[in-house]
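This is structure37.cif. It holds mmCIF, C-alpha atoms and all ligand atoms.
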```
data_protein
#
loop_
_atom_site.label_atom_id
_atom_site.label_comp_id
_atom_site.auth_asym_id
_atom_site.auth_seq_id
_atom_site.Cartn_x
_atom_site.Cartn_y
_atom_site.Cartn_z
CA MET A 3 26.74 35.62 -36.54
CA ALA A 4 26.88 33.12 -39.43
CA ALA A 5 27.28 29.49 -38.48
CA ASN A 6 30.61 28.09 -39.60
CA GLY A 7 29.66 24.45 -39.18
CA SER A 8 26.40 23.15 -40.66
CA THR A 9 25.05 19.63 -40.43
CA SER A 10 21.69 18.00 -40.83
CA THR A 11 19.91 15.10 -39.17
CA ARG A 12 16.38 13.86 -38.64
CA VAL A 13 15.93 14.59 -34.93
CA ALA A 14 17.92 17.11 -32.88
CA ILE A 15 17.71 16.26 -29.19
CA VAL A 16 18.48 19.09 -26.76
CA GLY A 17 19.77 17.77 -23.41
CA ALA A 18 21.67 14.60 -22.45
CA GLY A 19 19.83 13.72 -19.25
CA PRO A 20 17.97 10.41 -19.08
CA ALA A 21 15.14 11.71 -21.34
CA GLY A 22 17.46 12.88 -24.14
CA LEU A 23 19.80 9.88 -24.00
CA LEU A 24 16.99 7.31 -23.85
CA LEU A 25 15.18 8.97 -26.77
CA GLY A 26 18.47 8.96 -28.69
CA GLN A 27 18.91 5.22 -28.13
CA LEU A 28 15.30 4.36 -29.02
CA LEU A 29 15.62 6.34 -32.26
CA THR A 30 18.99 4.82 -33.08
CA VAL A 31 17.57 1.31 -32.58
CA ALA A 32 14.71 2.30 -34.94
CA GLY A 33 17.22 3.49 -37.57
CA ILE A 34 16.42 7.20 -37.16
CA ASP A 35 19.45 9.50 -37.25
CA ASN A 36 19.74 11.93 -34.37
CA ILE A 37 22.13 14.24 -32.57
CA VAL A 38 22.23 15.05 -28.84
CA ILE A 39 23.31 18.57 -27.86
CA GLU A 40 24.14 19.07 -24.17
CA ARG A 41 25.22 22.24 -22.39
CA ARG A 42 27.36 20.50 -19.74
CA SER A 43 30.24 18.02 -19.75
CA PRO A 44 29.59 14.26 -19.39
CA GLU A 45 31.26 14.38 -15.95
CA HIS A 46 28.90 17.13 -14.84
CA VAL A 47 25.85 15.21 -16.05
CA LEU A 48 27.01 12.09 -14.18
CA ALA A 49 27.69 13.99 -10.97
CA ARG A 50 23.98 14.75 -10.41
CA ILE A 51 22.51 12.51 -7.75
CA ARG A 52 18.83 11.79 -8.26
CA ALA A 53 16.24 9.16 -7.43
CA GLY A 54 16.58 5.57 -8.50
CA ILE A 55 13.30 3.68 -8.49
CA LEU A 56 12.40 2.19 -11.86
CA GLU A 57 8.88 1.11 -12.79
CA CYS A 58 8.55 -2.09 -14.87
CA GLY A 59 7.65 0.07 -17.90
CA THR A 60 10.91 2.00 -17.50
CA VAL A 61 12.90 -1.24 -17.31
CA ASP A 62 11.10 -2.38 -20.49
CA ALA A 63 11.99 0.91 -22.22
CA LEU A 64 15.66 0.52 -21.23
CA ALA A 65 15.55 -3.05 -22.55
CA ARG A 66 14.14 -1.81 -25.88
CA ALA A 67 17.02 0.64 -26.00
CA GLY A 68 19.44 -2.25 -25.36
CA VAL A 69 20.72 -0.89 -22.03
CA ASP A 70 19.30 -3.27 -19.46
CA ALA A 71 22.15 -5.77 -19.00
CA ARG A 72 23.81 -4.17 -15.97
CA LEU A 73 20.53 -3.10 -14.45
CA ARG A 74 19.29 -6.72 -14.55
CA ARG A 75 22.52 -7.83 -12.84
CA GLU A 76 22.93 -5.08 -10.27
CA GLY A 77 19.44 -3.60 -9.78
CA LEU A 78 17.62 -4.58 -6.60
CA VAL A 79 14.06 -5.80 -7.16
CA HIS A 80 11.83 -4.49 -4.37
CA HIS A 81 8.47 -6.13 -3.70
CA GLY A 82 7.14 -3.36 -1.45
CA ILE A 83 7.81 -0.31 0.72
CA GLU A 84 7.32 0.49 4.37
CA LEU A 85 5.46 3.42 5.88
CA SER A 86 6.56 4.56 9.34
CA PHE A 87 4.35 6.75 11.54
CA GLY A 88 3.12 6.87 15.12
CA GLY A 89 6.13 4.82 16.22
CA ALA A 90 5.27 1.77 14.06
CA ARG A 91 6.05 0.49 10.59
CA HIS A 92 3.53 -0.82 8.06
CA ARG A 93 4.52 -2.74 4.96
CA ILE A 94 2.81 -2.28 1.61
CA ASP A 95 3.41 -5.46 -0.34
CA PHE A 96 3.20 -4.54 -4.02
CA HIS A 97 3.83 -8.06 -5.15
CA ALA A 98 1.01 -9.57 -3.07
CA LEU A 99 -1.38 -6.70 -3.90
CA ILE A 100 -0.89 -6.36 -7.63
CA GLY A 101 1.82 -8.82 -8.66
CA ARG A 102 4.33 -6.21 -9.79
CA ASP A 103 7.56 -4.78 -8.37
CA VAL A 104 10.00 -1.90 -8.78
CA THR A 105 13.75 -1.96 -9.40
CA VAL A 106 16.19 0.10 -7.35
CA TYR A 107 18.91 1.34 -9.73
CA GLY A 108 20.27 4.87 -9.54
CA GLN A 109 19.53 7.44 -12.23
CA THR A 110 23.28 8.07 -12.40
CA GLU A 111 23.79 4.42 -13.41
CA VAL A 112 20.96 4.61 -15.98
CA THR A 113 22.68 7.69 -17.45
CA ARG A 114 26.09 5.99 -17.44
CA ASP A 115 24.69 2.94 -19.31
CA LEU A 116 22.92 5.17 -21.84
CA MET A 117 26.10 7.20 -22.42
CA ALA A 118 28.11 4.02 -23.04
CA ALA A 119 25.50 2.68 -25.48
CA ARG A 120 25.41 5.98 -27.34
CA GLN A 121 29.16 6.06 -27.66
CA ALA A 122 29.15 2.48 -28.97
CA SER A 123 26.43 3.36 -31.53
CA GLY A 124 28.54 6.15 -33.04
CA MET A 125 25.60 8.61 -33.11
CA PRO A 126 26.91 12.14 -32.51
CA THR A 127 26.73 13.83 -29.11
CA VAL A 128 27.93 17.37 -28.49
CA TYR A 129 28.82 18.13 -24.87
CA ASP A 130 29.81 21.57 -23.56
CA ALA A 131 27.58 23.28 -26.15
CA GLU A 132 27.12 26.97 -25.30
CA GLU A 133 24.38 29.40 -26.32
CA VAL A 134 22.06 26.64 -27.55
CA SER A 135 19.12 28.17 -29.44
CA LEU A 136 16.09 26.73 -31.27
CA HIS A 137 14.80 28.18 -34.56
CA ASP A 138 11.88 27.73 -36.97
CA PHE A 139 10.20 24.86 -35.17
CA ASP A 140 6.91 26.31 -36.41
CA ALA A 141 8.09 25.75 -40.01
CA GLN A 142 9.17 22.75 -42.12
CA ARG A 143 12.89 22.80 -41.38
CA PRO A 144 13.79 23.62 -37.77
CA ARG A 145 17.38 24.36 -36.72
CA VAL A 146 19.35 24.19 -33.50
CA ARG A 147 22.36 26.46 -33.12
CA TYR A 148 25.13 26.35 -30.53
CA ARG A 149 28.65 27.56 -29.90
CA LYS A 150 31.42 25.09 -29.22
CA ALA A 151 35.06 25.97 -28.59
CA GLY A 152 34.46 29.49 -29.96
CA ALA A 153 32.78 28.43 -33.23
CA MET A 154 29.06 28.58 -34.08
CA HIS A 155 27.37 25.44 -35.37
CA GLU A 156 23.96 24.84 -36.88
CA VAL A 157 22.01 21.60 -37.13
CA ALA A 158 19.09 21.47 -39.56
CA CYS A 159 16.53 18.78 -38.73
CA ASP A 160 12.97 17.51 -39.22
CA PHE A 161 12.08 17.64 -35.51
CA ILE A 162 13.51 18.99 -32.25
CA ALA A 163 13.11 17.08 -28.98
CA GLY A 164 13.38 19.44 -26.00
CA CYS A 165 14.80 17.15 -23.30
CA ASP A 166 16.72 19.87 -21.48
CA GLY A 167 15.12 19.77 -18.06
CA PHE A 168 13.18 22.34 -16.07
CA HIS A 169 15.67 25.20 -16.63
CA GLY A 170 16.36 24.41 -20.29
CA VAL A 171 16.06 26.58 -23.38
CA SER A 172 13.38 24.53 -25.19
CA ARG A 173 10.30 25.44 -23.16
CA ALA A 174 11.65 28.99 -22.83
CA SER A 175 11.74 29.25 -26.65
CA VAL A 176 7.97 28.87 -26.92
CA PRO A 177 5.95 32.12 -26.68
CA ALA A 178 4.36 32.34 -23.23
CA THR A 179 0.99 32.96 -24.90
CA ALA A 180 1.15 29.47 -26.46
CA THR A 181 1.46 27.63 -23.15
CA GLN A 182 -0.53 27.14 -20.00
CA VAL A 183 1.46 26.41 -16.88
CA PHE A 184 0.21 24.70 -13.71
CA GLU A 185 2.39 24.93 -10.63
CA ARG A 186 2.57 24.27 -6.91
CA VAL A 187 5.66 25.06 -4.86
CA TYR A 188 5.84 23.35 -1.48
CA PRO A 189 7.09 25.23 1.59
CA PHE A 190 9.92 22.73 2.20
CA GLY A 191 12.75 20.84 0.54
CA TRP A 192 14.55 17.52 0.97
CA LEU A 193 18.02 17.47 2.47
CA GLY A 194 19.65 14.35 1.01
CA VAL A 195 22.75 12.44 2.09
CA LEU A 196 24.50 9.68 0.20
CA SER A 197 26.76 7.40 2.27
CA ASP A 198 28.67 4.17 1.86
CA THR A 199 26.81 2.46 4.66
CA PRO A 200 24.45 -0.54 4.49
CA PRO A 201 20.78 0.51 4.14
CA VAL A 202 18.81 0.52 7.37
CA ALA A 203 16.23 -1.95 5.97
CA ASP A 204 15.77 -4.22 2.95
CA GLU A 205 13.08 -1.94 1.51
CA LEU A 206 12.49 1.83 1.43
CA ILE A 207 11.00 3.43 4.54
CA TYR A 208 8.81 6.52 4.04
CA ALA A 209 8.43 8.13 7.49
CA SER A 210 5.87 10.72 8.58
CA HIS A 211 6.76 12.38 11.88
CA PRO A 212 5.83 15.62 13.68
CA ARG A 213 9.43 16.77 13.13
CA GLY A 214 8.91 16.25 9.39
CA PHE A 215 9.10 13.61 6.69
CA ALA A 216 12.10 11.30 6.28
CA LEU A 217 13.00 8.70 3.65
CA CYS A 218 15.43 5.81 3.90
CA SER A 219 16.43 4.72 0.40
CA MET A 220 19.43 3.03 -1.16
CA ARG A 221 21.54 2.63 -4.26
CA SER A 222 22.92 -0.83 -3.45
CA LYS A 223 23.43 -3.13 -0.48
CA THR A 224 26.40 -1.01 0.57
CA ARG A 225 25.30 2.50 -0.42
CA SER A 226 22.42 4.33 1.25
CA ARG A 227 20.45 7.43 0.34
CA TYR A 228 18.60 9.24 3.13
CA TYR A 229 16.46 12.38 3.15
CA VAL A 230 14.87 14.63 5.77
CA GLN A 231 12.29 17.33 5.10
CA VAL A 232 13.71 20.81 5.86
CA PRO A 233 12.31 24.35 5.45
CA SER A 234 12.88 25.81 1.95
CA THR A 235 15.17 28.44 3.47
CA GLU A 236 17.67 25.86 4.83
CA GLN A 237 21.30 25.62 3.54
CA PRO A 238 23.21 22.30 3.37
CA GLU A 239 26.24 23.96 5.02
CA ALA A 240 24.19 24.29 8.21
CA TRP A 241 23.95 20.49 8.37
CA SER A 242 26.98 18.62 9.68
CA ASP A 243 26.82 14.85 9.17
CA ALA A 244 26.20 14.42 12.91
CA ARG A 245 23.24 16.82 12.81
CA PHE A 246 21.77 15.03 9.81
CA TRP A 247 22.03 11.53 11.32
CA ASP A 248 20.63 12.78 14.61
CA GLU A 249 17.62 14.37 12.89
CA LEU A 250 16.99 11.31 10.73
CA ARG A 251 17.12 8.99 13.76
CA ARG A 252 14.57 11.11 15.60
CA ARG A 253 12.06 10.76 12.76
CA LEU A 254 12.26 6.95 12.52
CA ASP A 255 10.54 4.27 14.60
CA ALA A 256 12.71 2.86 17.42
CA PRO A 257 13.90 -0.37 15.69
CA ALA A 258 14.89 1.56 12.55
CA ALA A 259 16.61 4.29 14.57
CA GLU A 260 18.57 1.62 16.41
CA ALA A 261 19.51 -0.28 13.24
CA LEU A 262 20.69 2.87 11.41
CA VAL A 263 24.36 2.63 10.46
CA THR A 264 25.89 6.09 10.02
CA GLY A 265 29.08 7.15 8.25
CA PRO A 266 30.61 10.08 6.40
CA SER A 267 28.40 11.64 3.73
CA ILE A 268 29.74 11.43 0.18
CA GLU A 269 27.13 13.91 -1.10
CA LYS A 270 24.80 16.31 0.68
CA SER A 271 22.34 18.64 -1.05
CA ILE A 272 18.92 20.23 -0.73
CA ALA A 273 16.28 19.84 -3.43
CA PRO A 274 13.17 22.04 -3.53
CA LEU A 275 9.80 20.34 -4.00
CA ARG A 276 7.62 21.45 -6.87
CA SER A 277 4.70 20.25 -8.99
CA PHE A 278 4.71 21.75 -12.49
CA VAL A 279 3.08 20.98 -15.83
CA CYS A 280 3.37 22.87 -19.12
CA GLU A 281 0.57 22.31 -21.63
CA PRO A 282 0.72 21.41 -24.45
CA MET A 283 3.93 19.40 -24.89
CA ARG A 284 4.16 19.95 -28.65
CA PHE A 285 4.66 23.17 -30.61
CA GLY A 286 4.86 22.54 -34.36
CA ARG A 287 8.00 20.46 -34.82
CA LEU A 288 9.21 20.88 -31.22
CA PHE A 289 8.31 18.20 -28.68
CA LEU A 290 9.02 18.66 -24.96
CA ALA A 291 9.82 15.56 -22.90
CA GLY A 292 10.74 14.85 -19.26
CA ASP A 293 11.52 17.64 -16.81
CA ALA A 294 11.37 20.22 -19.64
CA ALA A 295 7.59 19.73 -19.60
CA HIS A 296 6.77 18.66 -16.06
CA ILE A 297 8.16 18.33 -12.54
CA VAL A 298 6.88 16.16 -9.71
CA PRO A 299 7.94 16.31 -6.07
CA PRO A 300 10.22 13.28 -5.43
CA THR A 301 7.81 11.50 -3.04
CA GLY A 302 6.90 8.42 -5.08
CA ALA A 303 9.92 8.67 -7.41
CA LYS A 304 7.97 9.40 -10.58
CA GLY A 305 10.31 11.94 -12.30
CA LEU A 306 12.59 9.57 -14.19
CA ASN A 307 9.72 7.19 -14.97
CA LEU A 308 7.61 9.95 -16.50
CA ALA A 309 10.56 11.09 -18.60
CA ALA A 310 10.93 7.50 -19.85
CA SER A 311 7.25 7.16 -20.77
CA ASP A 312 7.27 10.50 -22.65
CA VAL A 313 10.21 9.44 -24.79
CA VAL A 314 8.71 6.03 -25.55
CA TYR A 315 5.58 7.78 -26.92
CA LEU A 316 7.77 10.18 -28.86
CA ALA A 317 10.05 7.47 -30.27
CA ASP A 318 6.99 5.44 -31.33
CA GLY A 319 5.39 8.50 -32.95
CA LEU A 320 8.59 9.33 -34.85
CA ALA A 321 9.07 5.71 -35.93
CA ALA A 322 5.49 5.55 -37.32
CA HIS A 323 6.04 8.87 -39.10
CA TYR A 324 9.27 7.75 -40.80
CA ARG A 325 8.25 4.14 -41.42
CA ASP A 326 4.65 4.53 -42.62
CA GLY A 327 4.11 8.27 -42.95
CA ASP A 328 1.58 7.82 -40.13
CA PRO A 329 1.20 11.15 -38.27
CA ARG A 330 -1.14 9.94 -35.53
CA GLY A 331 1.45 9.20 -32.83
CA LEU A 332 3.04 12.63 -33.20
CA ASP A 333 -0.33 14.37 -33.47
CA GLN A 334 -1.53 12.71 -30.28
CA TYR A 335 1.81 12.98 -28.43
CA SER A 336 0.90 15.85 -26.14
CA GLU A 337 -2.53 14.55 -25.22
CA THR A 338 -1.29 10.99 -24.65
CA CYS A 339 1.62 12.11 -22.46
CA LEU A 340 -0.44 14.60 -20.46
CA ARG A 341 -3.03 12.00 -19.52
CA ARG A 342 -0.30 9.94 -17.87
CA VAL A 343 1.60 12.97 -16.55
CA TRP A 344 -1.42 14.28 -14.65
CA LYS A 345 -2.02 10.93 -12.97
CA ALA A 346 1.60 10.89 -11.78
CA GLU A 347 1.27 14.54 -10.70
CA ARG A 348 -1.78 13.57 -8.68
CA PHE A 349 -0.04 10.62 -7.04
CA SER A 350 3.15 12.57 -6.23
CA TRP A 351 1.13 15.47 -4.81
CA TRP A 352 -0.98 13.04 -2.76
CA MET A 353 2.01 11.15 -1.33
CA THR A 354 3.70 14.46 -0.53
CA SER A 355 0.57 15.76 1.22
CA LEU A 356 0.10 12.50 3.10
CA LEU A 357 3.60 12.23 4.54
CA HIS A 358 5.00 15.75 5.05
CA TRP A 359 4.56 18.16 7.91
CA PHE A 360 3.01 21.33 6.47
CA PRO A 361 4.01 24.46 8.43
CA ASP A 362 0.64 26.16 7.98
CA ALA A 363 -1.55 23.12 8.68
CA ASP A 364 -4.01 23.58 11.54
CA ALA A 365 -5.11 20.98 14.13
CA PHE A 366 -7.96 19.79 11.87
CA ALA A 367 -5.57 19.22 8.97
CA HIS A 368 -3.25 17.19 11.22
CA ARG A 369 -6.08 14.94 12.39
CA ILE A 370 -7.23 14.39 8.78
CA GLN A 371 -3.66 13.46 7.81
CA GLN A 372 -3.43 10.97 10.69
CA ALA A 373 -6.80 9.51 9.75
CA GLU A 374 -5.70 9.13 6.14
CA LEU A 375 -2.53 7.25 7.17
CA ASP A 376 -4.54 5.06 9.50
CA TYR A 377 -7.15 4.37 6.80
CA LEU A 378 -4.46 3.61 4.23
CA VAL A 379 -2.64 0.94 6.21
CA GLY A 380 -5.93 -0.61 7.37
CA SER A 381 -7.56 -0.84 3.96
CA GLU A 382 -6.46 -3.33 1.33
CA ALA A 383 -8.22 -1.23 -1.32
CA ALA A 384 -6.25 1.88 -0.34
CA CYS A 385 -2.97 -0.08 -0.20
CA ARG A 386 -3.71 -1.51 -3.65
CA SER A 387 -4.30 1.98 -5.01
CA LEU A 388 -0.95 3.15 -3.63
CA ALA A 389 0.77 0.02 -4.98
CA GLU A 390 -0.75 0.40 -8.45
CA ASN A 391 0.45 4.00 -8.72
CA TYR A 392 3.87 3.39 -7.16
CA VAL A 393 4.82 0.54 -9.51
CA GLY A 394 3.50 2.62 -12.40
CA LEU A 395 0.14 2.95 -14.13
CA PRO A 396 -0.07 1.22 -17.50
CA ARG A 397 1.11 3.18 -20.50
N1 LIG B 401 21.08 23.34 -23.89
C1 LIG B 401 21.46 22.03 -23.87
N2 LIG B 401 21.28 21.23 -22.79
C2 LIG B 401 20.71 21.77 -21.71
C3 LIG B 401 20.27 23.11 -21.67
C4 LIG B 401 20.49 23.90 -22.82
N3 LIG B 401 20.12 25.18 -22.85
N4 LIG B 401 19.71 23.35 -20.46
C5 LIG B 401 19.80 22.21 -19.77
N5 LIG B 401 20.39 21.24 -20.51
C6 LIG B 401 20.70 19.86 -20.12
C7 LIG B 401 21.08 19.70 -18.67
O1 LIG B 401 22.45 20.02 -18.45
C8 LIG B 401 20.75 18.23 -18.42
O2 LIG B 401 21.86 17.40 -18.67
O3 LIG B 401 19.53 19.07 -20.27
C9 LIG B 401 19.63 17.93 -19.41
C10 LIG B 401 18.31 17.72 -18.73
O4 LIG B 401 18.39 16.56 -17.93
P1 LIG B 401 17.51 16.34 -16.61
O5 LIG B 401 17.40 17.61 -15.86
O6 LIG B 401 18.05 15.14 -15.93
O7 LIG B 401 16.02 16.05 -17.18
P2 LIG B 401 15.40 14.77 -17.90
O8 LIG B 401 16.36 14.15 -18.85
O9 LIG B 401 14.06 15.20 -18.33
O10 LIG B 401 15.27 13.70 -16.73
C11 LIG B 401 14.24 13.65 -15.82
O11 LIG B 401 15.63 13.99 -13.96
O12 LIG B 401 15.15 15.74 -12.51
C12 LIG B 401 15.10 14.38 -12.70
O13 LIG B 401 13.22 13.71 -11.46
C13 LIG B 401 13.74 13.93 -12.72
O14 LIG B 401 14.52 11.81 -12.65
C14 LIG B 401 13.91 12.73 -13.50
C15 LIG B 401 14.80 13.07 -14.58
C1 LIG B 402 16.02 7.98 -3.90
O1 LIG B 402 16.49 6.86 -3.73
O2 LIG B 402 16.74 8.96 -4.14
C2 LIG B 402 14.54 8.14 -3.83
C3 LIG B 402 13.75 7.03 -3.66
C4 LIG B 402 12.38 7.16 -3.56
C5 LIG B 402 11.81 8.42 -3.65
C6 LIG B 402 12.60 9.53 -3.85
C7 LIG B 402 13.97 9.40 -3.95
O3 LIG B 402 10.47 8.54 -3.52
#
```

Exercise: express the given structure as C-alpha cells:
Amino acid sequence: MAANGSTSTRVAIVGAGPAGLLLGQLLTVAGIDNIVIERRSPEHVLARIRAGILECGTVDALARAGVDARLRREGLVHHGIELSFGGARHRIDFHALIGRDVTVYGQTEVTRDLMAARQASGMPTVYDAEEVSLHDFDAQRPRVRYRKAGAMHEVACDFIAGCDGFHGVSRASVPATATQVFERVYPFGWLGVLSDTPPVADELIYASHPRGFALCSMRSKTRSRYYVQVPSTEQPEAWSDARFWDELRRRLDAPAAEALVTGPSIEKSIAPLRSFVCEPMRFGRLFLAGDAAHIVPPTGAKGLNLAASDVVYLADGLAAHYRDGDPRGLDQYSETCLRRVWKAERFSWWMTSLLHWFPDADAFAHRIQQAELDYLVGSEAACRSLAENYVGLPR
C-alpha cells in the first residue's frame, strides 16, 4: 500500500523504552534531528515495572541528556549490598572497596523523566504505531513505515536505531544468516512483588537459600520491590500475597525475616531469566541497541545500564559522523559495544549461577556453590571484583 504521509529525518529510532528515549535525548542535545516510533501507548510503556539500579556511567549519561534533576533529588545512593546465605548476612561495601556507588531509581521514573524531556524538546514521537517495518537499511536511504489511525506513514532517514527490545521488529528484520546468536535460558524465573511498605533493610539483600534465591530491593524509602526464584512453569495467579510473603520470609536470615514489613501487592509478575547476545549489532545503516541486541538475567541489574552504554556509543558515533564526517565511531560501534556487553553477560551469568538453586545441580555442584560464596565473602579481592562489576566497568 502506498504511504500517505511521508517525512524525513536524520535518525529514526524504533522503540520508546529507555534505550530509544535516551538516544533521542542525546541526539537532540547534539542537534541531530530524530523521530521515535513506538508500538505501544505512553501509559503502557510506563506501566512496565523493571529494575532500578543505576551505575555512575548511566547517571552521567542521563545528566548529558539533561534528565538528572529528579534522580539527583529522589534517587537513593547505595554504598553496598548484602549477601544472605547460611543464616547470616555479609555486606559488600562498594564505597570502601573501590570508591564508587550505585543509585536506586526505578526504570519507570527514568522513562517518565525522558518522556517529559522529549515532550519539552518538541522532537516528534509517534506512539501507538502499528505494523512498523524497516526498509533499505543496507542502502543509502533507509525508511521506516508504520500505520497510525488507519493511515500508512513513511519516514526516510540516514540511519535507523533499533531500540525495540527483545521482541521487536528491528533484529527480526535482519536475515538470520547475517547474525550469530548466543543464548542461555535458565530453568527458573523471578516472581516479583511491588508494595508500599518500607524496605526491609537500607541496602539490597541478595539471598541464596536451599528453597531458592530471593532479593529484597526498593524503589524509595516507602516502596519495596521483592523477588523469589520460582520454576519457569509457575503462574503469578497461584501466588496470593500471603504465600509470597511467607516464601520470602523463609528464604531470609532470621533478623531480616523478622524485620520484613508486609502489605498488599500493587504489582505481581513473573519474569523469565535469559542470557542472549546477537552479533553483530550493526547491519549497514541499522544499529541495534539495548534489549534488541542483548538480554541479561536481572541478577546484578545490568539490563538498563547496558542499554544506556550502547546508546552513548551510538550517539557519540552519530555526532562524530555529522559534525566531522568521522566514520570511526559508527564503524566500531558493534565491536565496542560487544566488548562491554560480554563482560556484563559474564557478570550477570556468574551472579545468577552463584545465588540460585539449580534444579539439576548434584551434590558436588552444591558444595562448589557454597565454597564459592564462602570464598567470596572471605576474600577482599573477590569482593572487589564483585564491587567493580556491580557499580559498572568503565566505558
Ligand atoms: N515497533 C515499535 N516499537 C516496538 C516494537 C515495534 N515493532 N516492538 C517493541 N517496541 C517497543 C516496546 O513497546 C518498548 O517500549 O520498544 C520498546 C523497547 O523497550 P524495552 O523493552 O524497555 O528495551 P530497552 O529500551 O532496550 O531497555 C532495556 O529494559 O528489559 C529492560 O532489563 C532491560 O532495563 C533494561 C531495559
Ligand atoms: C529491582 O529493584 O527490581 C532489582 C534490583 C536489583 C537487581 C534486580 C532487580 O539485581

- Counting only C-alpha atoms, figure out which residue out of A:Trp344, A:Gly164, A:His81, A:Asp255 gets nearest to Ala98 of chain A.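 Nearest to Ala98 of chain A: A:His81.
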
All residues having an atom within 6 Å of ligand LIG 401 (chain B) (all atoms listed in the file) as a short mmCIF file (atom, residue, chain, number, x, y, z; two decimals) with C-alpha atoms, keeping the file's coordinate frame:
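Produced file result_13.cif, reproduced below:
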```cif
data_model
loop_
_atom_site.label_atom_id
_atom_site.label_comp_id
_atom_site.auth_asym_id
_atom_site.auth_seq_id
_atom_site.Cartn_x
_atom_site.Cartn_y
_atom_site.Cartn_z
CA VAL A 16 18.48 19.09 -26.76
CA GLY A 17 19.77 17.77 -23.41
CA ALA A 18 21.67 14.60 -22.45
CA GLY A 19 19.83 13.72 -19.25
CA PRO A 20 17.97 10.41 -19.08
CA ALA A 21 15.14 11.71 -21.34
CA GLY A 22 17.46 12.88 -24.14
CA ILE A 39 23.31 18.57 -27.86
CA GLU A 40 24.14 19.07 -24.17
CA ARG A 41 25.22 22.24 -22.39
CA ARG A 42 27.36 20.50 -19.74
CA VAL A 47 25.85 15.21 -16.05
CA VAL A 134 22.06 26.64 -27.55
CA CYS A 165 14.80 17.15 -23.30
CA ASP A 166 16.72 19.87 -21.48
CA GLY A 167 15.12 19.77 -18.06
CA HIS A 169 15.67 25.20 -16.63
CA GLY A 170 16.36 24.41 -20.29
CA VAL A 171 16.06 26.58 -23.38
CA GLY A 292 10.74 14.85 -19.26
CA ASP A 293 11.52 17.64 -16.81
CA ALA A 294 11.37 20.22 -19.64
CA GLY A 305 10.31 11.94 -12.30
CA LEU A 306 12.59 9.57 -14.19
CA ALA A 309 10.56 11.09 -18.60
#
```

Using all atoms listed in the file, which residues of the polymer chains come no farther than 6 Å from ligand LIG 402 (chain B)? I'd like the answer as a PDB file with C-alpha atoms, in the coordinates of the input.
```pdb
ATOM      1  CA  ARG A  52      18.830  11.790  -8.260  1.00  0.00           C
ATOM      2  CA  ALA A  53      16.240   9.160  -7.430  1.00  0.00           C
ATOM      3  CA  GLY A  54      16.580   5.570  -8.500  1.00  0.00           C
ATOM      4  CA  ILE A  55      13.300   3.680  -8.490  1.00  0.00           C
ATOM      5  CA  SER A 219      16.430   4.720   0.400  1.00  0.00           C
ATOM      6  CA  MET A 220      19.430   3.030  -1.160  1.00  0.00           C
ATOM      7  CA  ARG A 227      20.450   7.430   0.340  1.00  0.00           C
ATOM      8  CA  PRO A 300      10.220  13.280  -5.430  1.00  0.00           C
ATOM      9  CA  THR A 301       7.810  11.500  -3.040  1.00  0.00           C
ATOM     10  CA  GLY A 302       6.900   8.420  -5.080  1.00  0.00           C
ATOM     11  CA  ALA A 303       9.920   8.670  -7.410  1.00  0.00           C
TER      12      ALA A 303
END
```

Counting only C-alpha atoms, what are the residues of segment 134-236 of chain A within 12 Å of segment 82-86 of chain A, and for each of them which pair of atoms is the nearest and at what distance in Å, to one decimal? Sort the table by chain and rising number, as JSON lines.
```
{"residue": "A:Val202", "atom": "CA", "partner": "A:Glu84", "partner_atom": "CA", "distance": 11.9}
{"residue": "A:Ala203", "atom": "CA", "partner": "A:Glu84", "partner_atom": "CA", "distance": 9.4}
{"residue": "A:Asp204", "atom": "CA", "partner": "A:Ile83", "partner_atom": "CA", "distance": 9.1}
{"residue": "A:Glu205", "atom": "CA", "partner": "A:Ile83", "partner_atom": "CA", "distance": 5.6}
{"residue": "A:Leu206", "atom": "CA", "partner": "A:Ile83", "partner_atom": "CA", "distance": 5.2}
{"residue": "A:Ile207", "atom": "CA", "partner": "A:Glu84", "partner_atom": "CA", "distance": 4.7}
{"residue": "A:Tyr208", "atom": "CA", "partner": "A:Leu85", "partner_atom": "CA", "distance": 4.9}
{"residue": "A:Ala209", "atom": "CA", "partner": "A:Ser86", "partner_atom": "CA", "distance": 4.4}
{"residue": "A:Ser210", "atom": "CA", "partner": "A:Ser86", "partner_atom": "CA", "distance": 6.2}
{"residue": "A:His211", "atom": "CA", "partner": "A:Ser86", "partner_atom": "CA", "distance": 8.2}
{"residue": "A:Pro212", "atom": "CA", "partner": "A:Ser86", "partner_atom": "CA", "distance": 11.9}
{"residue": "A:Gly214", "atom": "CA", "partner": "A:Ser86", "partner_atom": "CA", "distance": 11.9}
{"residue": "A:Phe215", "atom": "CA", "partner": "A:Ser86", "partner_atom": "CA", "distance": 9.8}
{"residue": "A:Ala216", "atom": "CA", "partner": "A:Ser86", "partner_atom": "CA", "distance": 9.2}
{"residue": "A:Leu217", "atom": "CA", "partner": "A:Leu85", "partner_atom": "CA", "distance": 9.5}
{"residue": "A:Cys218", "atom": "CA", "partner": "A:Glu84", "partner_atom": "CA", "distance": 9.7}
{"residue": "A:Ser219", "atom": "CA", "partner": "A:Ile83", "partner_atom": "CA", "distance": 10.0}
```

- Nearest to Phe349 of chain A among A:Ala383, A:Ala244, A:Leu23, A:Ala389, with distances taken over all atoms listed in the file: which residue is it?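 Smallest separation from Phe349 of chain A among the options: A:Ala389.
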
- Item | Top pick for closest residue to His155 of chain A, considering A:Glu132, A:Glu347, A:Glu281, A:Glu239 and counting all atoms listed in the file |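 Looking at the shortest contact to His155 of chain A, the residue is A:Glu132.
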
- So how far away is atom CA of Thr199 of chain A from atom CA of Val230 of chain A, in Å?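 Atom CA of Val230 of chain A sits 17.1 Å away from atom CA of Thr199 of chain A.
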